[in-house]
$ cat my_file.cif   # mmCIF, C-alpha atoms and all ligand atoms
data_query
#
loop_
_atom_site.label_atom_id
_atom_site.label_comp_id
_atom_site.auth_asym_id
_atom_site.auth_seq_id
_atom_site.Cartn_x
_atom_site.Cartn_y
_atom_site.Cartn_z
CA MET N 10 134.72 157.08 67.45
CA MET N 11 134.88 153.89 69.46
CA THR N 12 137.42 151.50 68.02
CA ALA N 13 136.19 148.13 66.88
CA ASN N 14 138.44 146.14 69.14
CA ARG N 15 136.83 147.73 72.15
CA ARG N 16 133.32 147.89 70.91
CA TRP N 17 132.75 144.22 70.27
CA PRO N 18 133.77 142.79 73.61
CA CYS N 19 131.61 145.47 75.14
CA ALA N 20 128.64 144.69 72.92
CA ALA N 21 128.89 141.04 73.74
CA LEU N 22 128.69 141.79 77.44
CA LEU N 23 126.20 144.58 77.38
CA LEU N 24 123.63 142.66 79.33
CA LEU N 25 125.98 141.52 82.01
CA VAL N 26 127.50 144.60 83.46
CA ALA N 27 128.25 148.21 82.92
CA CYS N 28 129.83 148.91 79.62
CA GLY N 29 129.90 152.58 79.52
CA GLY N 30 131.87 155.36 78.13
CA ALA N 31 134.61 152.87 77.38
CA GLY N 32 137.33 153.94 74.99
CA ALA N 33 135.70 156.84 73.28
CA GLN N 34 135.64 160.33 74.65
CA ASP N 35 132.55 161.93 73.22
CA LEU N 36 132.68 165.68 72.97
CA GLY N 37 129.64 167.77 73.80
CA THR N 38 128.32 170.87 72.13
CA LEU N 39 127.62 174.45 73.13
CA ASN N 40 124.43 174.40 71.07
CA PRO N 41 122.52 171.27 71.96
CA LYS N 42 119.50 170.83 69.71
CA PRO N 43 116.35 169.25 71.06
CA LEU N 44 115.66 165.87 69.53
CA PRO N 45 112.96 165.99 66.86
CA PRO N 46 109.57 164.63 67.94
CA LEU N 47 108.96 160.97 67.23
CA ALA N 48 106.48 160.17 64.51
CA ASN N 49 104.97 157.26 66.43
CA PRO N 50 105.93 157.45 70.09
CA ASP N 51 103.19 155.01 71.09
CA ASN N 52 104.32 152.32 68.68
CA PRO N 53 105.32 149.36 70.89
CA SER N 54 108.46 148.83 68.85
CA THR N 55 109.77 152.33 69.58
CA PRO N 56 113.07 151.91 71.43
CA ALA N 57 112.72 153.06 75.03
CA ARG N 58 115.95 155.02 74.66
CA GLU N 59 114.22 157.34 72.16
CA LEU N 60 111.44 158.03 74.66
CA PHE N 61 113.64 158.60 77.70
CA ALA N 62 116.10 160.76 75.76
CA ARG N 63 113.26 163.18 75.00
CA LYS N 64 112.48 163.85 78.66
CA SER N 65 114.54 166.82 79.71
CA GLU N 66 113.10 167.04 83.22
CA PRO N 67 112.62 164.49 85.98
CA ALA N 68 109.27 162.87 86.76
CA ALA N 69 107.39 164.70 89.51
CA MET N 70 107.26 161.64 91.74
CA ALA N 71 108.87 160.52 94.96
CA PRO N 72 112.47 159.38 94.40
CA ARG N 73 112.58 155.72 93.49
CA THR N 74 114.86 153.49 91.53
CA ILE N 75 113.01 150.97 89.38
CA GLY N 76 114.61 147.89 87.86
CA PHE N 77 118.23 146.98 87.28
CA TYR N 78 121.25 149.12 86.49
CA SER N 79 121.07 148.20 82.81
CA HIS N 80 117.34 147.73 82.66
CA GLY N 81 115.21 150.31 84.42
CA CYS N 82 114.41 153.93 85.11
CA LEU N 83 114.36 156.61 87.80
CA ALA N 84 111.46 158.45 89.44
CA GLY N 85 112.03 161.73 91.26
CA GLY N 86 115.58 162.22 89.99
CA VAL N 87 117.58 165.13 91.37
CA ALA N 88 120.41 166.97 89.68
CA LEU N 89 123.95 167.28 90.88
CA PRO N 90 124.49 171.07 90.73
CA VAL N 91 126.87 171.84 87.90
CA ASN N 92 129.24 173.61 90.31
CA GLY N 93 129.90 172.62 93.89
CA PRO N 94 132.52 173.32 96.51
CA ALA N 95 134.61 170.39 95.27
CA TRP N 96 133.13 169.28 91.96
CA GLN N 97 132.15 170.43 88.47
CA VAL N 98 129.87 168.67 86.04
CA MET N 99 131.23 168.04 82.55
CA ARG N 100 129.38 167.74 79.19
CA LEU N 101 126.39 169.78 80.31
CA SER N 102 124.84 169.40 76.88
CA ARG N 103 124.22 165.73 77.60
CA ASN N 104 121.89 166.55 80.53
CA ARG N 105 122.97 163.44 82.35
CA ASN N 106 123.74 164.81 85.79
CA TRP N 107 120.61 163.29 87.33
CA GLY N 108 120.46 160.58 89.92
CA HIS N 109 118.74 159.12 92.91
CA PRO N 110 119.15 161.57 95.83
CA GLU N 111 121.29 159.03 97.68
CA LEU N 112 123.83 158.93 94.85
CA ILE N 113 123.86 162.70 94.47
CA ALA N 114 124.50 163.14 98.21
CA LEU N 115 127.22 160.52 98.10
CA LEU N 116 129.03 162.29 95.26
CA GLU N 117 128.92 165.57 97.13
CA THR N 118 130.35 163.90 100.24
CA LEU N 119 133.03 162.09 98.27
CA ALA N 120 134.07 165.29 96.53
CA THR N 121 134.68 167.21 99.74
CA GLN N 122 136.23 164.25 101.55
CA ALA N 123 138.61 163.57 98.69
CA ARG N 124 139.80 167.14 98.73
CA ALA N 125 140.26 167.19 102.49
CA GLU N 126 141.68 163.72 103.03
CA VAL N 127 143.62 162.53 100.00
CA GLY N 128 144.54 165.72 98.18
CA TRP N 129 142.29 165.10 95.19
CA PRO N 130 141.34 168.68 94.34
CA GLY N 131 137.78 168.00 93.23
CA LEU N 132 135.65 165.73 91.07
CA LEU N 133 135.00 166.26 87.40
CA VAL N 134 131.74 164.42 87.01
CA GLY N 135 130.79 162.79 83.73
CA ASP N 136 127.57 160.94 83.02
CA ILE N 137 125.23 159.97 85.81
CA SER N 138 121.72 159.35 84.36
CA GLN N 139 119.11 161.07 82.24
CA PRO N 140 116.43 163.01 84.16
CA ARG N 141 114.18 159.95 84.22
CA GLY N 142 116.94 157.42 83.82
CA GLY N 143 116.17 154.73 81.27
CA PRO N 144 118.23 153.53 78.33
CA MET N 145 120.30 156.15 76.50
CA PRO N 146 120.80 156.62 72.79
CA ASN N 147 124.57 156.38 73.23
CA GLY N 148 127.33 155.68 75.66
CA HIS N 149 126.12 153.22 78.27
CA ALA N 150 124.24 150.04 78.91
CA SER N 151 123.93 150.82 82.61
CA HIS N 152 123.40 154.26 84.21
CA GLN N 153 119.64 153.63 83.81
CA VAL N 154 118.44 153.87 87.40
CA GLY N 155 120.31 156.85 88.85
CA LEU N 156 122.78 154.76 90.84
CA ASP N 157 125.84 154.91 88.53
CA ALA N 158 128.24 157.81 88.03
CA ASP N 159 131.39 158.31 85.97
CA ILE N 160 134.15 160.35 87.57
CA TRP N 161 137.00 161.59 85.43
CA LEU N 162 140.52 160.61 86.35
CA THR N 163 141.59 164.19 85.67
CA PRO N 164 142.04 166.25 88.84
CA MET N 165 139.73 169.25 88.88
CA PRO N 166 141.53 172.48 87.93
CA ASP N 167 141.58 175.20 90.55
CA ARG N 168 139.09 177.40 88.69
CA GLU N 169 135.64 177.24 87.21
CA LEU N 170 135.77 175.64 83.79
CA THR N 171 134.13 177.48 80.93
CA ARG N 172 131.13 176.05 79.12
CA LYS N 173 133.33 175.32 76.15
CA GLU N 174 135.88 173.48 78.24
CA ARG N 175 133.17 171.38 79.80
CA GLU N 176 132.04 170.27 76.36
CA GLU N 177 135.37 169.93 74.62
CA MET N 178 138.08 169.28 77.17
CA LYS N 179 139.38 165.74 77.06
CA ALA N 180 139.96 163.69 80.16
CA THR N 181 143.38 162.33 80.99
CA VAL N 182 143.87 158.73 79.93
CA VAL N 183 145.86 157.19 82.77
CA VAL N 184 146.54 153.84 81.08
CA ALA N 185 149.85 153.46 79.24
CA ALA N 186 149.88 153.07 75.46
CA ASP N 187 150.56 149.31 75.69
CA ARG N 188 147.49 148.94 77.96
CA ARG N 189 149.46 146.81 80.42
CA ASP N 190 149.85 149.31 83.21
CA VAL N 191 149.12 152.87 84.17
CA ASP N 192 151.12 155.69 82.66
CA PRO N 193 153.59 156.77 85.38
CA ALA N 194 153.69 160.26 83.90
CA VAL N 195 150.08 160.92 84.94
CA TRP N 196 149.25 158.37 87.64
CA THR N 197 149.59 159.76 91.18
CA PRO N 198 149.00 158.65 94.77
CA ALA N 199 145.93 160.90 94.78
CA HIS N 200 144.37 158.69 92.07
CA VAL N 201 144.76 155.75 94.41
CA GLY N 202 143.38 157.85 97.25
CA VAL N 203 140.21 159.01 95.55
CA ILE N 204 139.32 155.55 94.23
CA ARG N 205 139.99 154.03 97.62
CA LEU N 206 137.89 156.63 99.38
CA ALA N 207 135.00 155.95 97.01
CA ALA N 208 135.31 152.20 97.45
CA GLU N 209 135.28 152.54 101.21
CA LEU N 210 131.90 154.26 101.26
CA PRO N 211 129.45 151.65 102.53
CA ALA N 212 126.79 152.46 99.93
CA VAL N 213 129.23 151.85 97.07
CA GLU N 214 128.92 148.31 95.75
CA ARG N 215 131.23 148.35 92.78
CA ILE N 216 133.77 150.55 91.07
CA PHE N 217 134.69 149.76 87.48
CA VAL N 218 138.17 150.64 86.26
CA ASN N 219 140.42 149.54 83.43
CA ALA N 220 142.33 146.36 84.28
CA ALA N 221 145.60 148.31 84.16
CA ILE N 222 144.23 150.61 86.87
CA LYS N 223 143.12 147.64 88.96
CA LYS N 224 146.63 146.24 88.62
CA ALA N 225 148.13 149.54 89.74
CA LEU N 226 145.79 149.77 92.72
CA CYS N 227 146.74 146.27 93.82
CA ARG N 228 150.39 147.21 93.63
CA ASP N 229 150.26 150.73 95.01
CA ALA N 230 147.70 150.26 97.77
CA GLY N 231 148.56 146.66 98.58
CA GLY N 232 146.07 143.86 98.24
CA ASP N 233 144.13 142.24 101.01
CA HIS N 234 141.94 145.23 101.71
CA ALA N 235 138.19 144.80 101.85
CA TRP N 236 137.68 147.82 99.62
CA GLN N 237 139.77 146.26 96.85
CA SER N 238 137.10 143.64 96.22
CA LYS N 239 134.68 146.34 95.11
CA VAL N 240 137.05 147.60 92.43
CA ARG N 241 136.36 145.53 89.34
CA PRO N 242 138.37 145.47 86.11
CA TYR N 243 136.47 146.30 82.97
CA TRP N 244 137.00 147.35 79.38
CA GLY N 245 137.51 151.03 78.70
CA HIS N 246 137.34 153.05 81.90
CA ASP N 247 140.82 154.37 81.29
CA TYR N 248 139.91 158.03 81.71
CA HIS N 249 137.14 157.71 84.27
CA PHE N 250 136.11 155.42 87.06
CA HIS N 251 132.55 154.28 87.47
CA ILE N 252 130.88 154.34 90.87
CA ARG N 253 127.84 152.14 91.46
CA ILE N 254 125.84 152.25 94.65
CA ARG N 255 123.48 149.68 96.13
CA CYS N 256 119.71 149.78 95.88
CA PRO N 257 118.37 152.57 98.11
CA GLY N 258 116.05 151.67 100.95
CA ASP N 259 113.18 153.67 99.42
CA SER N 260 113.15 151.58 96.25
CA PRO N 261 111.48 148.18 96.64
CA ASP N 262 111.44 147.77 92.85
CA CYS N 263 115.21 148.18 92.56
CA SER N 264 116.87 144.88 91.55
CA PRO N 265 120.13 144.32 93.38
CA GLN N 266 123.08 142.65 91.74
CA PRO N 267 124.92 139.69 93.25
CA PRO N 268 127.59 140.60 95.79
CA VAL N 269 131.14 140.82 94.51
CA PRO N 270 133.06 137.56 94.74
CA PRO N 271 135.25 137.17 97.82
CA GLY N 272 138.89 138.19 97.59
CA ASP N 273 140.66 141.35 96.57
CA GLY N 274 140.76 140.48 92.86
CA CYS N 275 144.51 141.12 92.80
CA GLY N 276 145.62 137.57 92.06
CA ASN N 277 145.87 135.44 88.95
CA GLU N 278 142.34 136.34 87.95
CA LEU N 279 143.75 139.63 86.71
CA ASP N 280 146.05 137.91 84.19
CA TRP N 281 143.21 137.15 81.78
CA TRP N 282 142.80 140.84 81.06
CA PHE N 283 146.36 141.18 79.84
CA ARG N 284 146.35 138.39 77.29
CA ASP N 285 146.94 139.63 73.78
CA ALA N 286 143.59 138.25 72.68
CA VAL N 287 141.85 140.40 75.27
CA LEU N 288 144.01 143.49 74.95
CA ARG N 289 144.03 143.43 71.17
CA PRO N 290 141.33 141.17 69.81
CA PRO N 291 141.24 140.93 66.03
CA PRO N 292 138.47 142.99 64.46
CA PRO N 293 135.42 140.80 63.96
CA LYS N 294 134.62 139.66 60.46
CA PRO N 295 131.14 140.81 59.49
CA ALA N 296 129.94 137.20 59.14
CA ASN N 297 130.72 136.25 62.71
CA ALA N 298 130.43 139.60 64.40
CA PRO N 299 128.17 139.38 67.43
CA ALA N 300 124.67 140.52 66.71
CA LYS N 301 123.86 143.92 68.12
CA PRO N 302 121.60 143.57 71.11
CA ARG N 303 118.10 144.64 70.26
CA ALA N 304 117.08 148.00 71.66
CA LEU N 305 114.93 147.73 74.75
CA THR N 306 111.29 148.64 74.27
CA MET N 307 108.97 149.82 77.00
CA ALA N 308 107.51 146.32 77.20
CA ALA N 309 110.95 145.02 78.14
CA LEU N 310 111.37 147.47 81.02
CA PRO N 311 109.62 147.23 84.39
CA ALA N 312 105.97 148.25 84.03
CA ALA N 313 106.40 151.13 86.49
CA CYS N 314 108.74 152.82 84.00
CA ARG N 315 105.69 153.69 81.89
CA LEU N 316 104.39 155.78 84.78
CA VAL N 317 107.76 157.46 85.10
CA LEU N 318 107.75 158.30 81.42
CA GLN N 319 104.19 159.64 81.49
CA ALA N 320 104.44 161.59 84.76
CA PRO N 321 104.39 165.38 84.67
CA SER N 322 107.74 167.13 84.86
CA ASN N 323 109.16 168.41 88.07
CA VAL N 324 110.20 171.75 86.69
CA SER N 325 111.32 173.03 90.08
CA ALA N 326 114.05 170.40 89.97
CA GLU N 327 115.52 172.04 86.90
CA ARG N 328 119.23 171.96 86.74
CA GLN N 329 120.80 174.44 89.09
CA GLU N 330 123.40 176.59 87.46
ZN ZN F 401 129.93 154.49 83.65
#

$ encode --input "my_file.cif" --output "structure tokens"
Amino acid sequence: MMTANRRWPCAALLLLVACGGAGAQDLGTLNPKPLPPLANPDNPSTPARELFARKSEPAAMAPRTIGFYSHGCLAGGVALPVNGPAWQVMRLSRNRNWGHPELIALLETLATQARAEVGWPGLLVGDISQPRGGPMPNGHASHQVGLDADIWLTPMPDRELTRKEREEMKATVVVAADRRDVDPAVWTPAHVGVIRLAAELPAVERIFVNAAIKKALCRDAGGDHAWQSKVRPYWGHDYHFHIRIRCPGDSPDCSPQPPVPPGDGCGNELDWWFRDAVLRPPPPKPANAPAKPRALTMAALPAACRLVLQAPSNVSAERQE
């Protein structure tokens, strides 16, 4: 599903930053099947993603983020309700609407503020994290600690979406076919408004968008704004934007990332993204294709993630319908 020319740059940078959801729009299913049990779950070489993907409920522990965005897990996760006054959760079959309570509260606030203040009718929320965070079998390198959320760039329709729509509806790609700018037929001032509002929230540290969207924000909102520095260009992210918040105060084991570089990011540094070699890199030849990063094992994650994995389930935190 993901095209080669987007997958490889992403794979090469997996360990550096978020690389999620990129070009592919994965559809969900109305009949999600539980994953089959693992033959040897205690084998040290078992990828951690296989273990975390089999936990359908959060750990009954106090909320705590453990580790780094692309290298950790989440205790005491809470779910964003699938319907709210100004949001709806998409792809319910993925069961990835779990996060640290601070992120969940922030999304709820952003949703209502965006409706009231910038005319964005509501958030369609894509992946946040698995119930206990951790690596995922598909889709993201980050989103492991309950502090990352993908928000579709499609305005929420003025009605409750059906289950089928939530699994199968495609988000609007706002980047033009040549990847050099946004598509004026779908890009609106409200897109600028909702991204700006998110970036202005003090807890938000970074927002990842396609470079064409960054370019449009620089042009449409004007540079030289403090919030612009938080909006970072990245591969993919042409149908959603990715919100990342800082380490919560209750999480001493959360590893912060370096602050964003100074400046609004609207200058020459943006040019690199629009070179042909970056926009359309040749498909890698098998001989020199970058090696796939090895799947993280439990030994590679913070030790506290074992406790998160082994903890009893908080069944009362089951997803609210
Ligand atoms: Zn993301």

$ closest_atom_pairs --input "my_file.cif" --of "chain N" --to "ligand ZN 401 (chain F)" --cutoff "10 Å" --atoms "all atoms listed in the file" --output "Markdown table"
| residue | atom | partner | partner_atom | distance |
| --- | --- | --- | --- | --- |
| N:Ala27 | CA | F:ZN401 | ZN | 6.5 |
| N:Cys28 | CA | F:ZN401 | ZN | 6.9 |
| N:Gly29 | CA | F:ZN401 | ZN | 4.6 |
| N:Gly30 | CA | F:ZN401 | ZN | 5.9 |
| N:Ala31 | CA | F:ZN401 | ZN | 8.0 |
| N:Gly135 | CA | F:ZN401 | ZN | 8.3 |
| N:Asp136 | CA | F:ZN401 | ZN | 6.9 |
| N:Ile137 | CA | F:ZN401 | ZN | 7.5 |
| N:Ser138 | CA | F:ZN401 | ZN | 9.6 |
| N:Gly148 | CA | F:ZN401 | ZN | 8.5 |
| N:His149 | CA | F:ZN401 | ZN | 6.7 |
| N:Ala150 | CA | F:ZN401 | ZN | 8.6 |
| N:Ser151 | CA | F:ZN401 | ZN | 7.1 |
| N:His152 | CA | F:ZN401 | ZN | 6.6 |
| N:Asp157 | CA | F:ZN401 | ZN | 6.4 |
| N:Ala158 | CA | F:ZN401 | ZN | 5.8 |
| N:Asp159 | CA | F:ZN401 | ZN | 4.7 |
| N:Ile160 | CA | F:ZN401 | ZN | 8.2 |
| N:Ile216 | CA | F:ZN401 | ZN | 9.2 |
| N:Phe217 | CA | F:ZN401 | ZN | 7.7 |
| N:Val218 | CA | F:ZN401 | ZN | 9.5 |
| N:Gly245 | CA | F:ZN401 | ZN | 9.7 |
| N:His246 | CA | F:ZN401 | ZN | 7.7 |
| N:His249 | CA | F:ZN401 | ZN | 7.9 |
| N:Phe250 | CA | F:ZN401 | ZN | 7.1 |
| N:His251 | CA | F:ZN401 | ZN | 4.6 |
| N:Ile252 | CA | F:ZN401 | ZN | 7.3 |
| N:Arg253 | CA | F:ZN401 | ZN | 8.4 |

$ atom_distance --input "my_file.cif" --atom1 "atom CA of N:Pro56" --atom2 "atom CA of N:Arg105"
18.7 Å

$ residues_around --input "my_file.cif" --residues "stretch 223-237 of chain N" --least-positions-apart "5" --cutoff "10 Å" --atoms "only C-alpha atoms" --output "PyMOL selection string"
chain N and resi 184+189-192+196-198+200-202+204-211+213-218+242-243+271-276+279-280

$ atom_distance --input "my_file.cif" --atom1 "atom CA of N:Leu305" --atom2 "atom CA of N:Arg63"
15.5 Å

$ residues_around --input "my_file.cif" --residues "N:Leu36" --least-positions-apart "2" --cutoff "10 Å" --atoms "only C-alpha atoms" --output "ChimeraX atom specification"
/N:33-34,38,99-100,102-103,174-179

$ write_last_selection --input "my_file.cif" --atoms "C-alpha atoms" --output "PDB file, in the frame of the given file"
ATOM      1  CA  ALA N  33     135.700 156.840  73.280  1.00  0.00           C
ATOM      2  CA  GLN N  34     135.640 160.330  74.650  1.00  0.00           C
ATOM      3  CA  THR N  38     128.320 170.870  72.130  1.00  0.00           C
ATOM      4  CA  MET N  99     131.230 168.040  82.550  1.00  0.00           C
ATOM      5  CA  ARG N 100     129.380 167.740  79.190  1.00  0.00           C
ATOM      6  CA  SER N 102     124.840 169.400  76.880  1.00  0.00           C
ATOM      7  CA  ARG N 103     124.220 165.730  77.600  1.00  0.00           C
ATOM      8  CA  GLU N 174     135.880 173.480  78.240  1.00  0.00           C
ATOM      9  CA  ARG N 175     133.170 171.380  79.800  1.00  0.00           C
ATOM     10  CA  GLU N 176     132.040 170.270  76.360  1.00  0.00           C
ATOM     11  CA  GLU N 177     135.370 169.930  74.620  1.00  0.00           C
ATOM     12  CA  MET N 178     138.080 169.280  77.170  1.00  0.00           C
ATOM     13  CA  LYS N 179     139.380 165.740  77.060  1.00  0.00           C
TER      14      LYS N 179
END

$ atom_distance --input "my_file.cif" --atom1 "atom CA of N:Cys314" --atom2 "atom CA of N:Cys256"
16.5 Å

$ residues_around --input "my_file.cif" --residues "N:Gln122" --least-positions-apart "2" --cutoff "12 Å" --atoms "all atoms listed in the file" --output "PyMOL selection string"
chain N and resi 94-96+115-120+124-132+202-207+209-210

$ residues_around --input "my_file.cif" --residues "stretch 318-327 of chain N" --least-positions-apart "3" --cutoff "10 Å" --atoms "all atoms listed in the file" --output "ChimeraX atom specification"
/N:57,60-61,63-70,82-88,90,140-143,307,313-315,330

$ closest_residue --input "my_file.cif" --among "N:Arg188, N:Arg168, N:Arg58, N:His109" --to "N:Asn147" --atoms "only C-alpha atoms"
N:Arg58
